[in-house]
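Remarks on the structure that follows.
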Amino acid sequence: MPELFLVLVSLAVVGILGTLSTVVSASLLLRLGFLCLGIGLAVGLPAGLWYHMVLYRALAKAGPAPKKWWLSPSDFHAKLTDGEFASIKPWYVLGALSFAVALAGGLTAMVGILFTDSF
């Protein structure tokens with residue numbers, strides 16, 4: 001369900017940026033896009049790394065962590081106790097929000113590039 005939300009937000013952002021492109025300059029879109037992309041990656045990459053480390057430690061407490069657990073880590077949230085899940089939830093949410101910011105920034109930068117007169 002969170003993935004559907006991210007897709008809908010992304011589509012809304014693309015539509016809004018398309019409409020704003022008639023009012024906002026391409027260079028401003030590029031600057032804002034790269035700024036959001038940089039902030040999203042700077043926050044999201046460490047948060048995602050820490051989330052995976054904390055999740056691995058929680059899964060390893062009950063025995064060896066399942067093979068290829070990192071391919072779909074959210075599938076293993078149900079195996080965690082309430083305390084373990086509470087310790088990973090802030091990192092999970094921060095990573096998801098940072099991904100959305102980075103995605104919006106990348107899309108904004110792409111729109112800015114599309115409306116630039118010279119490449």
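Each chain of the structure tokens is named A, B, ... in the order shown, its residues numbered from 1; ligands are numbered from 1 in display order.
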
Write out as a VMD selection string which residues come within 6 Å of segment 37-41 of chain A when counting only C-alpha atoms, dropping same-chain ones fewer than 4 positions away.
chain A and resid 45 98 101 to 102 105 to 106

Using DSSP on the backbone coordinates, identify the residues of chain A assigned to helix (DSSP H, G or I); present them as an MDAnalysis selection string.
chainID A and resid 2:20 26:61 69:71 73:79 82:114

Env of Leu97 of chain A: 10 Å cut, atoms = only C-alpha atoms, seq-sep filter 3 positions within chain, self excluded. Answer as a PyMOL selection string.
chain A and resi 6+40+43-44+91-94+100-103

Mind checking which residues fall within 9 Å of Val111 of chain A, counting only C-alpha atoms, ignoring those fewer than 4 positions away in the same chain, and posting them as number ranges by chain?
A: 14, 17-18, 21, 26, 29-30, 33, 106-107, 115-116

Export of prior selection with C-alpha atoms as a short mmCIF file (atom, residue, chain, number, x, y, z; two decimals), in the first residue's frame:
```cif
data_model
loop_
_atom_site.label_atom_id
_atom_site.label_comp_id
_atom_site.auth_asym_id
_atom_site.auth_seq_id
_atom_site.Cartn_x
_atom_site.Cartn_y
_atom_site.Cartn_z
CA VAL A 14 4.61 15.41 -12.34
CA LEU A 17 5.29 20.50 -12.22
CA GLY A 18 3.97 20.34 -15.76
CA SER A 21 6.42 24.98 -15.93
CA ALA A 26 13.51 26.03 -16.25
CA LEU A 29 13.18 23.91 -11.67
CA LEU A 30 16.67 22.52 -12.22
CA GLY A 33 15.15 19.54 -8.43
CA GLY A 106 14.73 13.96 -9.85
CA LEU A 107 11.43 14.45 -11.62
CA PHE A 115 11.98 22.99 -20.71
CA THR A 116 15.53 24.31 -21.06
#
```
